[in-house]
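Chemist: Following this line is input_9.cif, made up of mmCIF, C-alpha atoms:
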```cif
data_input
loop_
_atom_site.label_atom_id
_atom_site.label_comp_id
_atom_site.auth_asym_id
_atom_site.auth_seq_id
_atom_site.Cartn_x
_atom_site.Cartn_y
_atom_site.Cartn_z
CA MET A 607 75.55 66.86 118.31
CA THR A 608 76.36 63.51 119.91
CA THR A 609 79.88 62.46 118.97
CA PRO A 610 80.94 58.91 118.07
CA THR A 611 83.35 58.95 121.04
CA SER A 612 80.59 58.58 123.65
CA ASP A 613 78.76 55.29 124.34
CA ARG A 614 75.48 56.77 123.20
CA GLY A 615 77.16 58.26 120.15
CA ARG A 616 78.76 54.96 119.20
CA LYS A 617 75.44 53.13 119.42
CA ALA A 618 73.62 55.79 117.38
CA SER A 619 76.42 55.80 114.81
CA PHE A 620 76.31 52.01 114.52
CA VAL A 621 72.52 51.96 114.02
CA LEU A 622 72.68 54.79 111.49
CA GLY A 623 75.52 53.13 109.59
CA ALA A 624 73.72 49.77 109.56
CA LEU A 625 70.51 51.35 108.26
CA GLY A 626 72.45 53.21 105.59
CA LEU A 627 74.24 50.04 104.50
CA VAL A 628 70.99 48.06 104.27
CA ALA A 629 69.22 50.84 102.37
CA LEU A 630 72.18 51.24 100.03
CA ALA A 631 72.30 47.49 99.34
CA ALA A 632 68.55 47.47 98.63
CA THR A 633 69.00 50.41 96.25
CA MET A 634 71.78 48.60 94.38
CA ILE A 635 69.69 45.43 94.07
CA LEU A 636 66.61 47.28 92.85
CA GLY A 637 68.69 49.47 90.57
CA LEU A 638 70.30 46.50 88.86
CA SER A 639 66.90 44.85 88.45
CA LEU A 640 65.46 47.82 86.56
CA PRO A 641 64.83 47.16 82.85
CA GLY A 642 66.86 48.97 80.24
CA THR A 643 64.95 51.68 78.38
CA ARG A 644 64.72 52.15 74.63
CA GLU A 645 66.41 55.55 74.78
CA GLN A 646 69.21 54.86 77.28
CA SER A 647 69.49 51.08 77.47
CA ASP A 648 71.17 49.84 80.68
CA TYR A 649 72.42 53.33 81.55
CA SER A 650 68.89 54.26 82.67
CA ARG A 651 69.63 52.28 85.85
CA LEU A 652 71.89 55.10 86.96
CA ILE A 653 68.73 56.81 88.16
CA ALA A 654 69.18 54.68 91.29
CA ILE A 655 72.34 56.54 92.32
CA HIS A 656 72.90 59.74 90.32
CA PRO A 657 69.90 61.81 91.51
CA PRO A 658 70.33 60.58 95.13
CA ILE A 659 74.01 61.55 95.10
CA ALA A 660 73.11 64.97 93.65
CA TRP A 661 70.44 65.38 96.34
CA CYS A 662 73.03 64.74 99.06
CA ALA A 663 75.36 67.27 97.43
CA TYR A 664 72.57 69.87 97.81
CA LEU A 665 71.90 68.69 101.37
CA ALA A 666 75.55 68.91 102.39
CA VAL A 667 75.96 72.42 101.00
CA GLY A 668 72.70 73.51 102.61
CA VAL A 669 73.65 72.15 106.03
CA CYS A 670 77.09 73.76 105.76
CA ALA A 671 75.54 77.12 104.85
CA LEU A 672 72.93 76.94 107.62
CA ALA A 673 75.49 76.01 110.28
CA SER A 674 77.77 78.77 108.99
CA ALA A 675 74.96 81.34 109.17
CA LEU A 676 74.23 80.30 112.76
CA TYR A 677 77.92 80.73 113.58
CA LEU A 678 77.96 84.23 112.08
CA ILE A 679 75.03 85.36 114.24
CA PRO A 680 76.51 86.47 117.60
CA ARG A 681 73.55 85.17 119.58
CA THR A 682 73.89 81.61 118.26
CA ARG A 683 77.66 81.54 117.72
CA SER A 684 79.15 78.25 118.91
CA ARG A 685 82.09 76.04 118.00
CA ARG A 686 79.53 73.30 117.41
CA TRP A 687 78.14 75.09 114.35
CA ASP A 688 81.60 75.54 112.88
CA ARG A 689 82.33 71.84 113.38
CA ILE A 690 79.08 70.87 111.68
CA ALA A 691 79.81 73.27 108.82
CA VAL A 692 83.27 71.90 108.04
CA SER A 693 82.13 68.29 108.50
CA SER A 694 79.25 68.77 106.05
CA ALA A 695 81.48 70.68 103.62
CA GLU A 696 84.08 67.89 103.44
CA VAL A 697 81.43 65.22 102.90
CA GLY A 698 79.67 67.53 100.47
CA VAL A 699 82.75 67.91 98.29
CA VAL A 700 82.83 64.13 97.94
CA PHE A 701 79.16 64.04 96.93
CA ILE A 702 79.55 66.92 94.46
CA GLY A 703 82.53 65.16 92.89
CA LEU A 704 80.52 61.94 92.63
CA THR A 705 77.64 63.90 91.10
CA LEU A 706 79.92 65.16 88.34
CA ALA A 707 81.48 61.71 87.83
CA THR A 708 78.21 59.74 87.65
CA GLY A 709 76.66 62.47 85.51
CA SER A 710 79.52 62.19 83.03
CA ILE A 711 79.16 58.41 82.92
CA TRP A 712 75.44 58.83 82.22
CA GLY A 713 75.97 61.67 79.78
CA ARG A 714 78.50 59.92 77.54
CA PRO A 715 76.09 57.38 75.99
CA THR A 716 73.04 59.67 76.04
CA TRP A 717 74.59 62.98 74.95
CA GLY A 718 77.62 61.63 73.11
CA VAL A 719 80.12 63.57 75.26
CA TRP A 720 81.65 63.17 78.72
CA TRP A 721 81.28 66.87 79.42
CA THR A 722 79.50 69.88 77.96
CA TRP A 723 79.12 73.39 79.28
CA ASP A 724 75.48 72.79 80.02
CA ALA A 725 73.95 75.19 82.57
CA ARG A 726 73.43 72.62 85.32
CA LEU A 727 76.81 70.96 84.80
CA THR A 728 78.55 74.32 84.82
CA VAL A 729 76.86 75.46 88.04
CA THR A 730 77.69 72.11 89.66
CA ALA A 731 81.34 72.53 88.68
CA ILE A 732 81.31 76.05 90.17
CA MET A 733 79.79 74.65 93.38
CA PHE A 734 82.54 72.02 93.49
CA ALA A 735 85.26 74.66 93.05
CA THR A 736 83.64 76.95 95.64
CA PHE A 737 83.63 74.34 98.38
CA LEU A 738 87.12 73.16 97.53
CA GLY A 739 87.97 76.82 98.07
CA TYR A 740 86.10 76.72 101.38
CA LEU A 741 88.32 73.87 102.55
CA ALA A 742 91.42 75.68 101.29
CA VAL A 743 90.44 78.80 103.26
CA ARG A 744 90.20 76.72 106.43
CA ARG A 745 93.76 75.52 105.92
CA ALA A 746 95.11 78.95 105.03
CA ILE A 747 93.94 80.82 108.15
CA ALA A 748 95.57 79.91 111.45
CA GLY A 749 93.32 81.63 114.01
CA VAL A 750 90.32 79.51 115.05
CA ASP A 751 87.80 82.37 115.22
CA ALA A 752 89.05 84.13 112.09
CA ARG A 753 89.08 80.85 110.17
CA ALA A 754 85.53 80.04 111.26
CA ARG A 755 84.19 83.51 110.34
CA VAL A 756 85.83 83.74 106.91
CA SER A 757 84.94 80.20 105.90
CA ALA A 758 81.37 80.75 107.12
CA ILE A 759 81.01 83.74 104.80
CA VAL A 760 82.33 81.65 101.89
CA ALA A 761 79.82 78.88 102.69
CA VAL A 762 76.83 81.23 102.90
CA LEU A 763 77.74 82.93 99.61
CA GLY A 764 78.47 79.58 97.97
CA SER A 765 75.03 78.24 98.90
CA ILE A 766 73.50 80.60 96.34
CA SER A 767 74.45 77.95 93.79
CA ILE A 768 71.81 75.55 95.20
CA PRO A 769 68.66 77.31 93.89
CA ILE A 770 70.46 78.29 90.68
CA ASN A 771 71.53 74.70 90.10
CA HIS A 772 68.11 73.32 90.94
CA MET A 773 66.27 75.67 88.59
CA ALA A 774 68.89 75.72 85.81
CA VAL A 775 66.88 73.23 83.73
CA GLU A 776 63.86 75.55 83.94
CA TRP A 777 65.62 78.86 83.38
CA TRP A 778 67.87 77.85 80.47
CA ARG A 779 67.74 75.46 77.54
CA THR A 780 69.86 72.52 78.63
CA LEU A 781 70.72 68.97 77.64
CA HIS A 782 70.07 67.83 81.18
CA GLN A 783 66.74 66.19 81.97
CA GLY A 784 64.18 68.03 84.10
CA ARG A 785 64.29 68.22 87.88
CA SER A 786 64.56 64.69 89.29
CA LEU A 787 61.93 65.11 92.01
CA ALA A 788 59.48 66.39 89.41
CA GLN A 789 59.69 62.94 87.84
CA ALA A 790 58.02 61.51 90.96
CA ASP A 791 54.78 63.28 90.05
CA PRO A 792 51.94 60.86 89.24
CA SER A 793 51.54 62.47 85.83
CA SER A 794 55.17 61.70 84.96
CA THR A 795 55.87 59.22 82.20
CA LEU A 796 58.63 57.66 84.29
CA ASP A 797 57.84 54.09 85.33
CA GLY A 798 56.87 53.54 88.97
CA ALA A 799 59.77 51.13 89.59
CA PHE A 800 62.26 53.80 88.53
CA ILE A 801 60.61 56.37 90.81
CA ALA A 802 60.57 54.00 93.78
CA THR A 803 64.21 53.06 93.30
CA MET A 804 65.26 56.70 92.99
CA LEU A 805 63.39 57.65 96.19
CA LEU A 806 64.88 54.69 98.07
CA GLY A 807 68.28 55.77 96.81
CA MET A 808 67.70 59.24 98.24
CA VAL A 809 66.85 57.76 101.64
CA ALA A 810 69.94 55.51 101.49
CA MET A 811 72.30 58.30 100.46
CA THR A 812 70.87 60.61 103.14
CA LEU A 813 71.60 58.00 105.80
CA VAL A 814 75.12 57.56 104.42
CA TYR A 815 75.62 61.33 104.39
CA ALA A 816 74.45 61.65 108.00
CA TRP A 817 76.75 58.82 109.13
CA LEU A 818 79.75 60.36 107.38
CA VAL A 819 79.07 63.80 108.89
CA ILE A 820 78.83 62.31 112.39
CA GLN A 821 82.17 60.52 111.90
CA ARG A 822 83.80 63.68 110.55
CA TYR A 823 82.37 65.73 113.44
CA GLY A 824 83.93 63.32 115.91
CA LEU A 825 87.30 63.68 114.18
CA GLU A 826 87.00 67.45 114.41
CA VAL A 827 86.38 67.24 118.15
CA LEU A 828 89.35 64.92 118.63
CA ASP A 829 91.55 67.20 116.51
CA GLU A 830 90.62 70.20 118.64
CA GLN A 831 91.29 68.27 121.84
CA ALA A 832 94.68 67.16 120.53
CA GLY A 833 95.51 70.75 119.58
CA THR A 834 94.53 72.03 123.03
CA GLU A 835 96.53 69.33 124.81
CA GLY A 836 99.53 70.03 122.58
CA LEU A 837 99.34 73.76 123.38
CA GLU A 838 99.09 73.08 127.10
CA ALA A 839 102.10 70.74 126.93
CA ALA A 840 104.08 73.38 125.04
CA LEU A 841 103.20 76.02 127.67
CA VAL A 842 104.25 73.69 130.50
CA ALA A 843 107.55 72.99 128.73
CA ARG A 844 108.10 76.71 128.17
CA ARG A 845 107.48 77.50 131.84
CA ALA A 846 109.89 74.74 132.84
CA GLU A 847 112.57 76.24 130.61
CA GLY A 848 111.99 79.64 132.21
CA GLN A 849 112.40 78.22 135.70
CA LEU A 850 115.67 76.55 134.71
CA VAL A 851 117.02 79.83 133.40
#
```
What does the file become when written as C-alpha cells?

Modeler:
Amino acid sequence: MTTPTSDRGRKASFVLGALGLVALAATMILGLSLPGTREQSDYSRLIAIHPPIAWCAYLAVGVCALASALYLIPRTRSRRWDRIAVSSAEVGVVFIGLTLATGSIWGRPTWGVWWTWDARLTVTAIMFATFLGYLAVRRAIAGVDARARVSAIVAVLGSISIPINHMAVEWWRTLHQGRSLAQADPSSTLDGAFIATMLLGMVAMTLVYAWLVIQRYGLEVLDEQAGTEGLEAALVARRAEGQLV
C-alpha cells in the first residue's frame, strides 16, 4: 500500500480525499432535498447516510478480517497485512459506532424507542464490542508478532458477525427494515430518488473510508519507524554505558 508520506502517496491521498468530500457534499445536498414520507416524515432522509455508514462498517470489518487471514497464512505473512488490518479495524469501530448512533436516531421516531434488542441491532452491538476488544488486545500484548497473530484470530472470528448481521432481518422477526441493497431492486416500492441518494451515499462513504484507512496506515508506519529508531537509540546508549564501565 502506498503511504501518505511519499510524494505519490500524498497526491493519491489528496485526490481520494477530494473525491470523497465532493461525493459526501453531494449526498448531503440530495439527502436534504428528499421529500418527507407519510410514515417517517423528515426522518426518511436518513437513508442518505445510515445505510452507507452501515455498509462501510461491513466493509471495514471484512477488510480487517481478510488482511488478518492473509497474515495468519505463513506464505503470505507480511507486516503490511497487519498494518492494513489494524487501520481498517480502527476506522471500522468508528463506522460501527456511527451505525448504532444514526440507527437510534432513526429508530426513535419510527419505533418509539432509542434502543431495542432487535436481532440486527444486537448483532451490530456485538460486532462493536468485538472490535473494541480487538483494539484492546493489540494494546495488551507487547510482542509485535504475538500481537499480530492473536489480534488476527480475533478479527477472523469476529467477521462471522457480518453474514449474521446482514441476514438477521431474513432469519428472525425484527423491527428493522429489510436489507438496504434489496431496496434498490426495480420492483421495490422505494422511490428512485431515495435509491439514487442511498447509492451515492455508499460511494461517498466508501471513498471516505478508504481515505481514512490510508491515513491510519501511514500513522502505523511512522509509529513503527519511531519505535525502531527509539530501540536503536536505547541500544547505542546502553553500549556507551558499558564502554564507560

Chemist: Would you compute the box with edges along x, y and z of the file around region 712-725 of chain A, including every atom the file lists for it and 8 Å extra on each side, and give its centre and edge lengths in Å to one decimal, as lines of an AutoDock Vina configuration file?

Modeler:
```
center_x = 77.3
center_y = 66.3
center_z = 77.8
size_x = 24.6
size_y = 33.8
size_z = 25.5
```

Chemist: When distances are computed from all atoms listed in the file, which of A:Thr682, A:Thr708, A:Gln831, A:Ser639 shows the smallest separation from Ala660 (chain A)?

Modeler: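 Closest residue, counting all atoms listed in the file: A:Thr708.
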
Chemist: Applied to this file, what does the PyMOL selection byres ((chain A and resi 729-740) around 7) return in terms of residues, put as a ChimeraX atom specification?

Modeler: /A:695,699,702-703,725-728,741-744,757,760-761,764,767,771

Chemist: With C-alpha atoms retained, export the selected residues as a CSV table (one decimal), in the frame of the given file.

Modeler:
```
chain,number,residue,atom,x,y,z
A,695,ALA,CA,81.5,70.7,103.6
A,699,VAL,CA,82.8,67.9,98.3
A,702,ILE,CA,79.6,66.9,94.5
A,703,GLY,CA,82.5,65.2,92.9
A,725,ALA,CA,74.0,75.2,82.6
A,726,ARG,CA,73.4,72.6,85.3
A,727,LEU,CA,76.8,71.0,84.8
A,728,THR,CA,78.6,74.3,84.8
A,741,LEU,CA,88.3,73.9,102.6
A,742,ALA,CA,91.4,75.7,101.3
A,743,VAL,CA,90.4,78.8,103.3
A,744,ARG,CA,90.2,76.7,106.4
A,757,SER,CA,84.9,80.2,105.9
A,760,VAL,CA,82.3,81.6,101.9
A,761,ALA,CA,79.8,78.9,102.7
A,764,GLY,CA,78.5,79.6,98.0
A,767,SER,CA,74.4,78.0,93.8
A,771,ASN,CA,71.5,74.7,90.1
```

Chemist: Rank nothing, just name the residue among A:Ile747, A:Ala758, A:Ile655, A:Val669 nearest to Leu806 (chain A), using all atoms listed in the file.

Modeler: A:Ile655

Chemist: Just so the selection is clear, what residues does the PyMOL selection byres ((chain A and resi 689) around 10) cover here, as a list in words?

Modeler: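 Here the PyMOL selection byres ((chain A and resi 689) around 10) matches Met607, Cys670, Ala673, Ser674, Tyr677, Ser684, Arg685, Arg686, Trp687, Asp688, Ile690, Ala691, Val692, Ser693, Ser694, Ala695, Ala754, Val819, Arg822, Tyr823, Gly824, Leu825, Glu826, Val827 and Glu830 of chain A.
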
Chemist: Do you have the CA of Thr812 (chain A)-CA of Pro657 (chain A) distance handy?

Modeler: 11.7 Å

Chemist: Taking all atoms listed in the file into account, which of A:Phe800, A:Trp777, A:Trp712, A:Trp721 comes nearest Gln646 (chain A)?

Modeler: A:Trp712

Chemist: Between A:Val697, A:Ala624, A:Met773, A:Leu805, which is the closest to Cys662 (chain A) once you count all atoms listed in the file?

Modeler: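 Counting all atoms listed in the file, the residue closest to Cys662 (chain A) is A:Val697.
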
Chemist: What's around His656 (chain A) at 12 Å? Count all atoms listed in the file, leave out sequence neighbours fewer than 4 positions away in its own chain, and write the answer as a VMD selection string.

Modeler: chain A and resid 633 to 634 637 649 to 652 660 to 663 701 to 713 786 803 to 805 807 to 808 811

Chemist: Write the selection just made, keeping C-alpha atoms, as a compact mmCIF listing (two decimals), in the coordinates of the input?

Modeler:
```txt
# COMPACT_ATOMS: atom_id res chain seq x y z
CA THR A 633 69.00 50.41 96.25
CA MET A 634 71.78 48.60 94.38
CA GLY A 637 68.69 49.47 90.57
CA TYR A 649 72.42 53.33 81.55
CA SER A 650 68.89 54.26 82.67
CA ARG A 651 69.63 52.28 85.85
CA LEU A 652 71.89 55.10 86.96
CA ALA A 660 73.11 64.97 93.65
CA TRP A 661 70.44 65.38 96.34
CA CYS A 662 73.03 64.74 99.06
CA ALA A 663 75.36 67.27 97.43
CA PHE A 701 79.16 64.04 96.93
CA ILE A 702 79.55 66.92 94.46
CA GLY A 703 82.53 65.16 92.89
CA LEU A 704 80.52 61.94 92.63
CA THR A 705 77.64 63.90 91.10
CA LEU A 706 79.92 65.16 88.34
CA ALA A 707 81.48 61.71 87.83
CA THR A 708 78.21 59.74 87.65
CA GLY A 709 76.66 62.47 85.51
CA SER A 710 79.52 62.19 83.03
CA ILE A 711 79.16 58.41 82.92
CA TRP A 712 75.44 58.83 82.22
CA GLY A 713 75.97 61.67 79.78
CA SER A 786 64.56 64.69 89.29
CA THR A 803 64.21 53.06 93.30
CA MET A 804 65.26 56.70 92.99
CA LEU A 805 63.39 57.65 96.19
CA GLY A 807 68.28 55.77 96.81
CA MET A 808 67.70 59.24 98.24
CA MET A 811 72.30 58.30 100.46
```

Chemist: What's the separation between CA of Asp648 (chain A) and CA of Ile635 (chain A), in Å to one decimal place?

Modeler: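 If I compute the distance from CA of Asp648 (chain A) to CA of Ile635 (chain A), I get 14.2 Å.
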
Chemist: Go through A:Gly642, A:Tyr815, A:Ser765, A:Arg683 one by one, measure the shortest atom-to-atom distance of each to Leu630 (chain A) using only C-alpha atoms, and give the residue with the smallest value.

Modeler: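 Using only C-alpha atoms, the shortest distance to Leu630 (chain A) belongs to A:Tyr815.
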
Chemist: From the set A:Ala746, A:Val719, A:Ile759, A:Ala799, which residue has the shortest atom-to-atom contact distance to Ile679 (chain A), counting all atoms listed in the file?

Modeler: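 Using all atoms listed in the file, Ile679 (chain A) sits closest to A:Ile759.
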